[in-house]
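Undergrad: Here it is, the structure in full.
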Amino acid sequence: VNVTVNVAPCNSIVNLKLFIEGYYEGPSMRSVKNNQDGASPMTDVEDITVELHNSASPYALVATATALLKTDGTAVCTFPPGTAGSYYIAVRNSNALETWSANPQAVGTTPLSYDFSTAANKAYADNMILVGSVYAFYSGDINQDSVIDGSDATSLDLDIFNSETGVR
């Protein structure tokens with residue numbers, strides 16, 4: 001008897017743990033999604049964008065995934081087959097500074113777990129702040145220009161004046 005077995009390439013899974021300064025209420029984060037729509041599970045914070053960048057200059061973008069950040073700081077990212085390699089992990093969300101892993105990480109068919117929250121040096125250039133007992137991404141980059149400054153306040157003031165709600 002002949003048997004044909006087709007083996008599909010496996011996705012690459014990256015399990016992250018991270019907190020965002022403005023959402024942190026110790027020991028977890030607010031349910032921002034539920035606050036916005038009144039219907040999302042109380043365990044959902046928001047969608048984050050997770051990117052894999054080459055480990056050598058010019059650090060080209062290799063793959064992007066959207067993951068749901070949970071109130072306990074966990075997020076599961078699924079990247080398509082063929083993304084195995086050593087990459088910097090970059091995380092973006094609606095108002096925090098984009099934050100990269102301190103070093104390239106091995107991504108492949110075995111799930112990778114990376115915990116940003118245990119030390120400032122888990123982020124490139126120690127780019128996090130201690131809140132309670134965990135390290136968190138800096139909040140406040142409302143206009144997503146990679147700097148938290150007065151121009152973010154202008155955007156915030158305008159949104160308040162116009163009675164805007166939700167995540168930008």
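In the structure tokens, chains take letters A, B, ... by order of appearance, with residues numbered from 1 within each chain and ligands from 1 in the order shown.
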Name all residues at most 9 Å from Glu46 in chain A (count only C-alpha atoms; drop same-chain ones fewer than 5 positions away) and give them as a VMD selection string.

TA: chain A and resid 31 to 33 67 to 70 93 to 94 167

Undergrad: How close does each residue of range 7-84 of chain A get to range 114-131 of chain A, giving the shortest atom pair and distance in Å to one decimal for every residue with an atom at most 7 Å away, counting only C-alpha atoms, sorted by chain and residue number, as a Markdown table?

TA:
| residue | atom | partner | partner_atom | distance |
| --- | --- | --- | --- | --- |
| A:Asn15 | CA | A:Tyr114 | CA | 6.3 |
| A:Leu16 | CA | A:Tyr114 | CA | 5.0 |
| A:Lys17 | CA | A:Asp115 | CA | 4.6 |
| A:Leu18 | CA | A:Phe116 | CA | 5.3 |
| A:Phe19 | CA | A:Ser117 | CA | 6.6 |
| A:Glu21 | CA | A:Val131 | CA | 6.9 |

Undergrad: Can I get the selected residues back with all heavy atoms, as a compact mmCIF listing (two decimals), in the first residue's frame?

TA:
# COMPACT_ATOMS: atom_id res chain seq x y z
N ASN A 15 5.63 33.78 21.93
CA ASN A 15 4.84 34.11 23.11
C ASN A 15 5.53 35.26 23.83
O ASN A 15 6.68 35.13 24.24
CB ASN A 15 4.75 32.91 24.05
CG ASN A 15 4.04 31.74 23.40
OD1 ASN A 15 2.91 31.86 22.96
ND2 ASN A 15 4.72 30.61 23.32
N LEU A 16 4.83 36.37 23.96
CA LEU A 16 5.41 37.56 24.59
C LEU A 16 4.74 37.84 25.92
O LEU A 16 3.58 37.50 26.14
CB LEU A 16 5.23 38.79 23.69
CG LEU A 16 5.94 38.78 22.36
CD1 LEU A 16 5.58 40.02 21.57
CD2 LEU A 16 7.45 38.68 22.55
N LYS A 17 5.51 38.49 26.79
CA LYS A 17 4.94 39.06 28.01
C LYS A 17 5.45 40.48 28.10
O LYS A 17 6.66 40.73 28.04
CB LYS A 17 5.34 38.28 29.25
CG LYS A 17 4.66 38.84 30.50
CD LYS A 17 4.52 37.84 31.58
CE LYS A 17 3.66 38.41 32.69
NZ LYS A 17 3.54 37.48 33.78
N LEU A 18 4.51 41.42 28.19
CA LEU A 18 4.87 42.83 28.25
C LEU A 18 3.74 43.62 28.88
O LEU A 18 2.59 43.19 28.86
CB LEU A 18 5.17 43.37 26.85
CG LEU A 18 4.02 43.32 25.84
CD1 LEU A 18 3.38 44.69 25.67
CD2 LEU A 18 4.55 42.83 24.51
N PHE A 19 4.09 44.74 29.45
CA PHE A 19 3.11 45.64 30.03
C PHE A 19 3.30 47.02 29.43
O PHE A 19 4.39 47.38 29.02
CB PHE A 19 3.27 45.70 31.56
CG PHE A 19 2.93 44.41 32.23
CD1 PHE A 19 3.91 43.49 32.54
CD2 PHE A 19 1.61 44.08 32.54
CE1 PHE A 19 3.60 42.29 33.15
CE2 PHE A 19 1.29 42.88 33.14
CZ PHE A 19 2.29 41.98 33.45
N GLU A 21 2.86 51.02 30.27
CA GLU A 21 2.84 51.90 31.45
C GLU A 21 1.46 52.48 31.76
O GLU A 21 0.97 52.36 32.88
CB GLU A 21 3.86 53.02 31.23
CG GLU A 21 3.89 54.07 32.30
CD GLU A 21 4.74 55.25 31.92
OE1 GLU A 21 5.00 55.49 30.72
OE2 GLU A 21 5.16 55.97 32.83

Undergrad: Would you please work out which residue, of A:Leu158, A:Val91, A:Ala136, A:Ala102, is nearest to Glu25 in chain A when using only C-alpha atoms?

TA: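 Among the listed residues, the smallest separation from Glu25 in chain A belongs to A:Ala136.
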
Undergrad: Using DSSP on the backbone coordinates, identify the residues of range 2-168 of chain A assigned to strand (DSSP E or B); present them as a compact mmCIF listing (two decimals) with all heavy atoms, in the first residue's frame.

TA:
# COMPACT_ATOMS: atom_id res chain seq x y z
N SER A 12 5.60 29.89 12.91
CA SER A 12 6.49 30.23 14.02
C SER A 12 5.66 30.97 15.06
O SER A 12 4.97 31.93 14.75
CB SER A 12 7.63 31.13 13.54
OG SER A 12 8.46 30.43 12.65
N ILE A 13 5.74 30.51 16.30
CA ILE A 13 4.98 31.10 17.39
C ILE A 13 5.93 31.86 18.31
O ILE A 13 6.98 31.34 18.70
CB ILE A 13 4.25 30.03 18.22
CG1 ILE A 13 3.36 29.16 17.33
CG2 ILE A 13 3.46 30.65 19.37
CD1 ILE A 13 2.20 29.88 16.69
N VAL A 14 5.57 33.09 18.65
CA VAL A 14 6.33 33.89 19.62
C VAL A 14 5.36 34.28 20.73
O VAL A 14 4.36 34.96 20.49
CB VAL A 14 6.94 35.15 18.97
CG1 VAL A 14 7.64 36.00 20.02
CG2 VAL A 14 7.92 34.76 17.86
N ASN A 15 5.63 33.78 21.93
CA ASN A 15 4.84 34.11 23.11
C ASN A 15 5.53 35.26 23.83
O ASN A 15 6.68 35.13 24.24
CB ASN A 15 4.75 32.91 24.05
CG ASN A 15 4.04 31.74 23.40
OD1 ASN A 15 2.91 31.86 22.96
ND2 ASN A 15 4.72 30.61 23.32
N LEU A 16 4.83 36.37 23.96
CA LEU A 16 5.41 37.56 24.59
C LEU A 16 4.74 37.84 25.92
O LEU A 16 3.58 37.50 26.14
CB LEU A 16 5.23 38.79 23.69
CG LEU A 16 5.94 38.78 22.36
CD1 LEU A 16 5.58 40.02 21.57
CD2 LEU A 16 7.45 38.68 22.55
N LYS A 17 5.51 38.49 26.79
CA LYS A 17 4.94 39.06 28.01
C LYS A 17 5.45 40.48 28.10
O LYS A 17 6.66 40.73 28.04
CB LYS A 17 5.34 38.28 29.25
CG LYS A 17 4.66 38.84 30.50
CD LYS A 17 4.52 37.84 31.58
CE LYS A 17 3.66 38.41 32.69
NZ LYS A 17 3.54 37.48 33.78
N ILE A 20 2.22 47.79 29.40
CA ILE A 20 2.25 49.16 28.89
C ILE A 20 1.96 50.09 30.06
O ILE A 20 0.96 49.93 30.76
CB ILE A 20 1.25 49.33 27.74
CG1 ILE A 20 1.64 48.40 26.59
CG2 ILE A 20 1.20 50.79 27.30
CD1 ILE A 20 0.63 48.30 25.48
N TYR A 24 -1.19 49.92 33.04
CA TYR A 24 -0.85 49.06 34.17
C TYR A 24 -1.54 49.51 35.45
O TYR A 24 -1.49 50.68 35.82
CB TYR A 24 0.67 49.04 34.38
CG TYR A 24 1.12 48.02 35.40
CD1 TYR A 24 1.13 46.67 35.09
CD2 TYR A 24 1.51 48.41 36.67
CE1 TYR A 24 1.53 45.73 36.02
CE2 TYR A 24 1.91 47.48 37.60
CZ TYR A 24 1.92 46.14 37.27
OH TYR A 24 2.32 45.21 38.19
N MET A 29 -3.12 44.79 33.67
CA MET A 29 -3.49 46.00 32.93
C MET A 29 -5.00 46.11 32.83
O MET A 29 -5.72 45.13 33.00
CB MET A 29 -2.88 45.95 31.51
CG MET A 29 -1.38 46.12 31.51
SD MET A 29 -0.68 46.09 29.84
CE MET A 29 -0.77 44.34 29.46
N ASP A 44 -9.04 41.40 27.68
CA ASP A 44 -8.42 41.94 26.47
C ASP A 44 -8.00 43.40 26.67
O ASP A 44 -8.80 44.23 27.09
CB ASP A 44 -9.38 41.88 25.28
CG ASP A 44 -9.72 40.45 24.88
OD1 ASP A 44 -9.12 39.52 25.45
OD2 ASP A 44 -10.59 40.28 24.01
N VAL A 45 -6.74 43.70 26.33
CA VAL A 45 -6.25 45.07 26.42
C VAL A 45 -6.39 45.75 25.07
O VAL A 45 -7.17 46.67 24.90
CB VAL A 45 -4.79 45.12 26.92
CG1 VAL A 45 -4.25 46.55 26.92
CG2 VAL A 45 -4.68 44.52 28.31
N GLU A 46 -5.60 45.30 24.09
CA GLU A 46 -5.68 45.85 22.74
C GLU A 46 -4.84 45.01 21.80
O GLU A 46 -4.05 44.17 22.23
CB GLU A 46 -5.24 47.30 22.69
CG GLU A 46 -3.76 47.53 22.84
CD GLU A 46 -3.37 49.00 22.65
OE1 GLU A 46 -4.21 49.83 22.27
OE2 GLU A 46 -2.21 49.30 22.87
N ASP A 47 -5.01 45.25 20.51
CA ASP A 47 -4.18 44.58 19.52
C ASP A 47 -2.84 45.30 19.45
O ASP A 47 -2.79 46.54 19.49
CB ASP A 47 -4.84 44.62 18.13
CG ASP A 47 -6.08 43.74 18.07
OD1 ASP A 47 -6.11 42.72 18.78
OD2 ASP A 47 -7.01 44.07 17.32
N ILE A 48 -1.78 44.52 19.35
CA ILE A 48 -0.44 45.07 19.18
C ILE A 48 0.13 44.54 17.88
O ILE A 48 -0.28 43.49 17.38
CB ILE A 48 0.50 44.72 20.36
CG1 ILE A 48 0.62 43.20 20.54
CG2 ILE A 48 0.02 45.39 21.64
CD1 ILE A 48 1.64 42.76 21.59
N THR A 49 1.07 45.28 17.31
CA THR A 49 1.77 44.85 16.12
C THR A 49 3.14 44.35 16.53
O THR A 49 3.87 45.06 17.24
CB THR A 49 1.91 46.01 15.11
OG1 THR A 49 0.59 46.47 14.78
CG2 THR A 49 2.62 45.56 13.85
N VAL A 50 3.48 43.15 16.12
CA VAL A 50 4.77 42.55 16.44
C VAL A 50 5.50 42.30 15.13
O VAL A 50 4.96 41.71 14.21
CB VAL A 50 4.59 41.24 17.24
CG1 VAL A 50 5.94 40.64 17.60
CG2 VAL A 50 3.76 41.49 18.50
N GLU A 51 6.73 42.79 15.08
CA GLU A 51 7.54 42.67 13.86
C GLU A 51 8.81 41.88 14.16
O GLU A 51 9.36 41.97 15.26
CB GLU A 51 7.93 44.05 13.34
CG GLU A 51 6.75 44.93 13.01
CD GLU A 51 7.16 46.35 12.67
OE1 GLU A 51 8.29 46.78 13.01
OE2 GLU A 51 6.34 47.05 12.06
N LEU A 52 9.27 41.17 13.15
CA LEU A 52 10.57 40.51 13.21
C LEU A 52 11.49 41.25 12.25
O LEU A 52 11.15 41.44 11.08
CB LEU A 52 10.46 39.04 12.80
CG LEU A 52 9.54 38.17 13.65
CD1 LEU A 52 9.50 36.75 13.11
CD2 LEU A 52 9.96 38.18 15.11
N HIS A 53 12.64 41.69 12.77
CA HIS A 53 13.61 42.43 11.97
C HIS A 53 14.93 41.66 11.92
O HIS A 53 15.33 41.05 12.91
CB HIS A 53 13.89 43.81 12.59
CG HIS A 53 12.75 44.76 12.44
ND1 HIS A 53 12.69 45.68 11.42
CD2 HIS A 53 11.62 44.94 13.18
CE1 HIS A 53 11.57 46.39 11.54
NE2 HIS A 53 10.91 45.95 12.60
N ASN A 54 15.58 41.71 10.75
CA ASN A 54 16.88 41.04 10.61
C ASN A 54 17.82 41.46 11.73
O ASN A 54 17.75 42.60 12.22
CB ASN A 54 17.52 41.38 9.26
CG ASN A 54 16.93 40.58 8.13
OD1 ASN A 54 16.44 39.48 8.34
ND2 ASN A 54 16.97 41.12 6.93
N LEU A 61 12.70 44.66 7.87
CA LEU A 61 11.50 43.99 8.35
C LEU A 61 11.33 42.69 7.58
O LEU A 61 11.35 42.68 6.35
CB LEU A 61 10.28 44.90 8.14
CG LEU A 61 8.92 44.31 8.48
CD1 LEU A 61 8.82 44.00 9.97
CD2 LEU A 61 7.83 45.27 8.05
N VAL A 62 11.12 41.59 8.31
CA VAL A 62 10.96 40.27 7.69
C VAL A 62 9.52 39.80 7.75
O VAL A 62 9.00 39.26 6.78
CB VAL A 62 11.89 39.23 8.37
CG1 VAL A 62 11.63 37.83 7.85
CG2 VAL A 62 13.34 39.62 8.20
N ALA A 63 8.86 40.01 8.88
CA ALA A 63 7.48 39.54 9.04
C ALA A 63 6.77 40.40 10.08
O ALA A 63 7.40 40.96 10.98
CB ALA A 63 7.45 38.09 9.48
N THR A 64 5.44 40.48 9.94
CA THR A 64 4.61 41.24 10.86
C THR A 64 3.42 40.38 11.27
O THR A 64 2.87 39.65 10.45
CB THR A 64 4.08 42.53 10.18
OG1 THR A 64 5.19 43.31 9.76
CG2 THR A 64 3.23 43.35 11.13
N ALA A 65 3.03 40.50 12.54
CA ALA A 65 1.84 39.80 13.03
C ALA A 65 1.09 40.74 13.96
O ALA A 65 1.68 41.62 14.58
CB ALA A 65 2.23 38.53 13.77
N THR A 66 -0.21 40.54 14.03
CA THR A 66 -1.04 41.26 15.00
C THR A 66 -1.39 40.27 16.09
O THR A 66 -1.77 39.13 15.81
CB THR A 66 -2.31 41.81 14.34
OG1 THR A 66 -1.93 42.70 13.30
CG2 THR A 66 -3.18 42.54 15.33
N ALA A 67 -1.24 40.70 17.34
CA ALA A 67 -1.55 39.83 18.48
C ALA A 67 -2.43 40.57 19.45
O ALA A 67 -2.37 41.80 19.56
CB ALA A 67 -0.26 39.38 19.15
N LEU A 68 -3.23 39.84 20.18
CA LEU A 68 -4.10 40.42 21.19
C LEU A 68 -3.36 40.41 22.53
O LEU A 68 -3.00 39.35 23.04
CB LEU A 68 -5.40 39.63 21.30
CG LEU A 68 -6.39 40.10 22.36
CD1 LEU A 68 -6.82 41.54 22.11
CD2 LEU A 68 -7.60 39.18 22.39
N LEU A 69 -3.13 41.59 23.07
CA LEU A 69 -2.48 41.72 24.37
C LEU A 69 -3.53 41.52 25.45
O LEU A 69 -4.59 42.15 25.43
CB LEU A 69 -1.83 43.10 24.50
CG LEU A 69 -1.08 43.39 25.80
CD1 LEU A 69 0.09 42.42 26.00
CD2 LEU A 69 -0.59 44.84 25.81
N LYS A 70 -3.24 40.63 26.38
CA LYS A 70 -4.16 40.31 27.48
C LYS A 70 -3.79 41.12 28.72
O LYS A 70 -2.67 41.61 28.85
CB LYS A 70 -4.10 38.81 27.80
CG LYS A 70 -4.51 37.92 26.64
CD LYS A 70 -5.98 38.11 26.37
CE LYS A 70 -6.54 37.00 25.52
NZ LYS A 70 -8.00 37.06 25.46
N THR A 74 0.27 38.91 28.51
CA THR A 74 0.64 37.90 27.51
C THR A 74 0.05 38.22 26.15
O THR A 74 -1.02 38.82 26.04
CB THR A 74 0.20 36.49 27.94
OG1 THR A 74 -1.23 36.47 28.12
CG2 THR A 74 0.89 36.07 29.24
N ALA A 75 0.78 37.81 25.13
CA ALA A 75 0.33 37.92 23.74
C ALA A 75 0.96 36.80 22.96
O ALA A 75 2.15 36.49 23.14
CB ALA A 75 0.73 39.27 23.15
N VAL A 76 0.18 36.16 22.10
CA VAL A 76 0.68 35.08 21.26
C VAL A 76 0.71 35.55 19.82
O VAL A 76 -0.32 35.96 19.28
CB VAL A 76 -0.20 33.81 21.39
CG1 VAL A 76 0.30 32.71 20.48
CG2 VAL A 76 -0.27 33.34 22.84
N CYS A 77 1.90 35.52 19.21
CA CYS A 77 2.08 35.98 17.84
C CYS A 77 2.33 34.78 16.94
O CYS A 77 3.18 33.95 17.26
CB CYS A 77 3.27 36.92 17.75
SG CYS A 77 3.28 38.18 19.02
N THR A 78 1.63 34.72 15.83
CA THR A 78 1.81 33.64 14.88
C THR A 78 2.36 34.21 13.58
O THR A 78 1.72 35.06 12.95
CB THR A 78 0.47 32.92 14.61
OG1 THR A 78 -0.06 32.47 15.86
CG2 THR A 78 0.66 31.74 13.68
N PHE A 79 3.55 33.75 13.22
CA PHE A 79 4.19 34.19 11.98
C PHE A 79 4.12 33.06 10.97
O PHE A 79 4.13 31.89 11.32
CB PHE A 79 5.65 34.58 12.25
CG PHE A 79 5.78 35.81 13.09
CD1 PHE A 79 5.98 35.71 14.46
CD2 PHE A 79 5.67 37.08 12.54
CE1 PHE A 79 6.08 36.84 15.25
CE2 PHE A 79 5.76 38.21 13.32
CZ PHE A 79 5.97 38.09 14.68
N GLY A 85 14.67 31.96 11.98
CA GLY A 85 15.92 32.70 11.95
C GLY A 85 16.13 33.46 13.23
O GLY A 85 15.38 33.32 14.20
N SER A 86 17.14 34.29 13.25
CA SER A 86 17.47 35.11 14.41
C SER A 86 17.04 36.55 14.13
O SER A 86 17.54 37.17 13.18
CB SER A 86 18.98 35.04 14.68
OG SER A 86 19.31 35.80 15.81
N TYR A 87 16.11 37.05 14.94
CA TYR A 87 15.51 38.35 14.68
C TYR A 87 15.37 39.20 15.94
O TYR A 87 15.18 38.67 17.04
CB TYR A 87 14.09 38.19 14.11
CG TYR A 87 14.02 37.36 12.87
CD1 TYR A 87 13.45 36.10 12.89
CD2 TYR A 87 14.52 37.84 11.66
CE1 TYR A 87 13.37 35.33 11.75
CE2 TYR A 87 14.45 37.08 10.51
CZ TYR A 87 13.88 35.82 10.56
OH TYR A 87 13.81 35.06 9.42
N TYR A 88 15.41 40.51 15.75
CA TYR A 88 14.96 41.42 16.79
C TYR A 88 13.44 41.38 16.76
O TYR A 88 12.83 41.34 15.70
CB TYR A 88 15.43 42.85 16.52
CG TYR A 88 16.86 43.10 16.89
CD1 TYR A 88 17.85 43.13 15.92
CD2 TYR A 88 17.23 43.33 18.22
CE1 TYR A 88 19.17 43.37 16.26
CE2 TYR A 88 18.54 43.58 18.57
CZ TYR A 88 19.51 43.59 17.59
OH TYR A 88 20.81 43.83 17.92
N ILE A 89 12.83 41.42 17.94
CA ILE A 89 11.38 41.49 18.06
C ILE A 89 11.02 42.94 18.37
O ILE A 89 11.48 43.50 19.37
CB ILE A 89 10.87 40.58 19.19
CG1 ILE A 89 11.27 39.13 18.92
CG2 ILE A 89 9.35 40.71 19.34
CD1 ILE A 89 11.07 38.21 20.12
N ALA A 90 10.22 43.55 17.52
CA ALA A 90 9.78 44.93 17.72
C ALA A 90 8.27 44.92 18.00
O ALA A 90 7.52 44.24 17.30
CB ALA A 90 10.08 45.77 16.49
N VAL A 91 7.87 45.69 19.01
CA VAL A 91 6.45 45.74 19.39
C VAL A 91 5.96 47.18 19.30
O VAL A 91 6.61 48.10 19.81
CB VAL A 91 6.24 45.20 20.82
CG1 VAL A 91 4.76 45.25 21.19
CG2 VAL A 91 6.78 43.78 20.95
N ARG A 92 4.82 47.35 18.63
CA ARG A 92 4.19 48.66 18.52
C ARG A 92 2.74 48.55 18.98
O ARG A 92 2.12 47.51 18.82
CB ARG A 92 4.22 49.16 17.07
CG ARG A 92 5.61 49.45 16.56
CD ARG A 92 5.64 50.06 15.17
NE ARG A 92 5.21 49.11 14.15
CZ ARG A 92 4.14 49.28 13.37
NH1 ARG A 92 3.39 50.35 13.49
NH2 ARG A 92 3.81 48.38 12.47
N ALA A 96 2.25 53.69 22.84
CA ALA A 96 3.52 53.46 23.54
C ALA A 96 4.67 53.60 22.55
O ALA A 96 4.50 53.49 21.34
CB ALA A 96 3.54 52.06 24.16
N THR A 99 9.14 49.37 20.97
CA THR A 99 10.18 48.77 21.80
C THR A 99 10.67 47.49 21.15
O THR A 99 9.87 46.68 20.70
CB THR A 99 9.63 48.49 23.22
OG1 THR A 99 9.13 49.73 23.76
CG2 THR A 99 10.70 47.94 24.13
N TRP A 100 12.00 47.34 21.12
CA TRP A 100 12.64 46.18 20.51
C TRP A 100 13.27 45.31 21.58
O TRP A 100 13.68 45.81 22.65
CB TRP A 100 13.75 46.62 19.55
CG TRP A 100 13.27 47.24 18.27
CD1 TRP A 100 12.24 48.11 18.09
CD2 TRP A 100 13.86 47.04 16.99
NE1 TRP A 100 12.14 48.46 16.77
CE2 TRP A 100 13.12 47.82 16.07
CE3 TRP A 100 14.93 46.30 16.52
CZ2 TRP A 100 13.42 47.87 14.72
CZ3 TRP A 100 15.23 46.34 15.18
CH2 TRP A 100 14.47 47.12 14.28
N SER A 101 13.38 44.03 21.30
CA SER A 101 14.12 43.14 22.19
C SER A 101 15.57 43.61 22.24
O SER A 101 16.09 44.18 21.28
CB SER A 101 14.04 41.69 21.71
OG SER A 101 14.56 41.56 20.40
N GLN A 105 16.54 37.17 18.71
CA GLN A 105 16.00 35.94 19.31
C GLN A 105 15.81 34.90 18.22
O GLN A 105 15.48 35.22 17.08
CB GLN A 105 14.66 36.23 19.99
CG GLN A 105 14.74 37.28 21.09
CD GLN A 105 15.63 36.83 22.23
OE1 GLN A 105 15.48 35.73 22.76
NE2 GLN A 105 16.59 37.68 22.59
N ALA A 106 15.99 33.62 18.59
CA ALA A 106 15.83 32.51 17.64
C ALA A 106 14.35 32.19 17.48
O ALA A 106 13.69 31.75 18.43
CB ALA A 106 16.59 31.30 18.13
N VAL A 107 13.83 32.42 16.29
CA VAL A 107 12.44 32.14 15.96
C VAL A 107 12.42 30.96 15.01
O VAL A 107 13.20 30.92 14.05
CB VAL A 107 11.77 33.37 15.31
CG1 VAL A 107 10.36 33.06 14.87
CG2 VAL A 107 11.80 34.55 16.27
N LEU A 112 8.84 30.31 20.77
CA LEU A 112 9.76 31.14 21.53
C LEU A 112 8.96 31.92 22.56
O LEU A 112 7.88 32.43 22.26
CB LEU A 112 10.45 32.14 20.59
CG LEU A 112 11.19 33.31 21.26
CD1 LEU A 112 12.44 32.82 21.98
CD2 LEU A 112 11.53 34.38 20.25
N SER A 113 9.47 32.00 23.79
CA SER A 113 8.87 32.84 24.82
C SER A 113 9.85 33.94 25.16
O SER A 113 11.02 33.67 25.42
CB SER A 113 8.54 32.02 26.07
OG SER A 113 7.50 31.11 25.80
N TYR A 114 9.36 35.19 25.14
CA TYR A 114 10.21 36.33 25.47
C TYR A 114 9.45 37.22 26.43
O TYR A 114 8.35 37.69 26.13
CB TYR A 114 10.61 37.11 24.21
CG TYR A 114 11.72 38.09 24.47
CD1 TYR A 114 13.04 37.67 24.54
CD2 TYR A 114 11.46 39.44 24.69
CE1 TYR A 114 14.07 38.56 24.80
CE2 TYR A 114 12.47 40.34 24.95
CZ TYR A 114 13.78 39.89 25.00
OH TYR A 114 14.80 40.78 25.27
N ASP A 115 10.05 37.48 27.60
CA ASP A 115 9.41 38.25 28.65
C ASP A 115 10.12 39.59 28.81
O ASP A 115 11.22 39.67 29.36
CB ASP A 115 9.46 37.45 29.96
CG ASP A 115 8.65 38.07 31.07
OD1 ASP A 115 8.26 39.26 30.94
OD2 ASP A 115 8.41 37.38 32.07
N ALA A 123 14.82 45.12 26.91
CA ALA A 123 14.51 46.00 25.78
C ALA A 123 15.80 46.63 25.29
O ALA A 123 16.69 46.93 26.08
CB ALA A 123 13.52 47.08 26.18
N ILE A 129 10.29 51.36 31.69
CA ILE A 129 10.18 52.00 33.00
C ILE A 129 9.64 50.99 34.01
O ILE A 129 8.78 50.16 33.67
CB ILE A 129 9.26 53.25 32.93
CG1 ILE A 129 9.27 53.99 34.26
CG2 ILE A 129 7.87 52.88 32.48
CD1 ILE A 129 8.62 55.36 34.19
N LEU A 130 10.13 51.06 35.24
CA LEU A 130 9.64 50.20 36.31
C LEU A 130 8.33 50.75 36.83
O LEU A 130 8.24 51.91 37.25
CB LEU A 130 10.68 50.13 37.44
CG LEU A 130 10.33 49.21 38.61
CD1 LEU A 130 10.22 47.75 38.14
CD2 LEU A 130 11.40 49.32 39.70
N VAL A 131 7.28 49.94 36.77
CA VAL A 131 5.97 50.28 37.34
C VAL A 131 5.59 49.15 38.28
O VAL A 131 5.48 48.01 37.86
CB VAL A 131 4.89 50.51 36.26
CG1 VAL A 131 5.16 51.76 35.46
CG2 VAL A 131 4.73 49.33 35.34
N VAL A 134 7.12 45.38 37.82
CA VAL A 134 7.41 44.94 36.45
C VAL A 134 7.94 46.12 35.63
O VAL A 134 7.73 47.28 35.96
CB VAL A 134 6.17 44.35 35.75
CG1 VAL A 134 5.64 43.14 36.49
CG2 VAL A 134 5.08 45.38 35.57
N TYR A 135 8.60 45.78 34.55
CA TYR A 135 9.05 46.80 33.60
C TYR A 135 8.02 46.90 32.49
O TYR A 135 7.47 45.89 32.05
CB TYR A 135 10.44 46.45 33.05
CG TYR A 135 11.49 46.70 34.10
CD1 TYR A 135 11.81 45.74 35.03
CD2 TYR A 135 12.12 47.94 34.18
CE1 TYR A 135 12.75 45.98 36.03
CE2 TYR A 135 13.05 48.20 35.17
CZ TYR A 135 13.36 47.21 36.09
OH TYR A 135 14.27 47.47 37.07
N ALA A 136 7.76 48.12 32.05
CA ALA A 136 6.70 48.37 31.08
C ALA A 136 7.19 49.30 29.98
O ALA A 136 8.13 50.07 30.17
CB ALA A 136 5.49 48.99 31.78
N PHE A 137 6.53 49.22 28.83
CA PHE A 137 6.80 50.12 27.73
C PHE A 137 6.32 51.51 28.11
O PHE A 137 5.26 51.67 28.72
CB PHE A 137 6.05 49.68 26.47
CG PHE A 137 6.51 48.38 25.86
CD1 PHE A 137 7.39 47.52 26.50
CD2 PHE A 137 6.05 48.01 24.62
CE1 PHE A 137 7.81 46.34 25.93
CE2 PHE A 137 6.44 46.82 24.03
CZ PHE A 137 7.32 45.98 24.68
N SER A 139 4.44 54.88 27.87
CA SER A 139 3.21 55.36 27.22
C SER A 139 3.34 56.83 26.88
O SER A 139 4.11 57.54 27.52
CB SER A 139 2.01 55.20 28.16
OG SER A 139 1.68 53.87 28.33

Undergrad: Identify, on the basis of only C-alpha atoms, every residue whose closest approach to Cys10 in chain A does not exceed 10 Å; exclude the query and any residue fewer than 4 positions from it along the same chain; express the result as a ChimeraX atom specification.

TA: /A:79-84,108-110

Undergrad: Let's have the selection written as a short mmCIF file (atom, residue, chain, number, x, y, z; two decimals), in the first residue's frame, with C-alpha atoms.

TA:
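New file again07.cif:
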data_model
loop_
_atom_site.label_atom_id
_atom_site.label_comp_id
_atom_site.auth_asym_id
_atom_site.auth_seq_id
_atom_site.Cartn_x
_atom_site.Cartn_y
_atom_site.Cartn_z
CA PHE A 79 4.19 34.19 11.98
CA PRO A 80 3.89 32.38 8.65
CA PRO A 81 6.06 29.41 7.73
CA GLY A 82 9.51 30.30 6.46
CA THR A 83 10.29 32.91 9.10
CA ALA A 84 12.78 30.79 11.02
CA GLY A 108 11.50 28.82 14.40
CA THR A 109 9.23 25.81 14.62
CA THR A 110 9.68 25.57 18.40
#

Undergrad: Output as a ChimeraX atom specification all residues of range 21-138 of chain A that backbone DSSP marks as alpha helix (DSSP H).

TA: /A:32-37

Undergrad: Hey, what's within 10 Å of Ser146 in chain A if we count only C-alpha atoms and toss same-chain stuff fewer than 5 positions away? As number ranges by chain, please?

TA: A: 95-99, 140-141

Undergrad: Could you jot down the CA of Pro104 in chain A to CA of Pro9 in chain A separation for me, Å, one decimal place?

TA: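 Straight-line distance from CA of Pro104 in chain A to CA of Pro9 in chain A works out to 22.7 Å.
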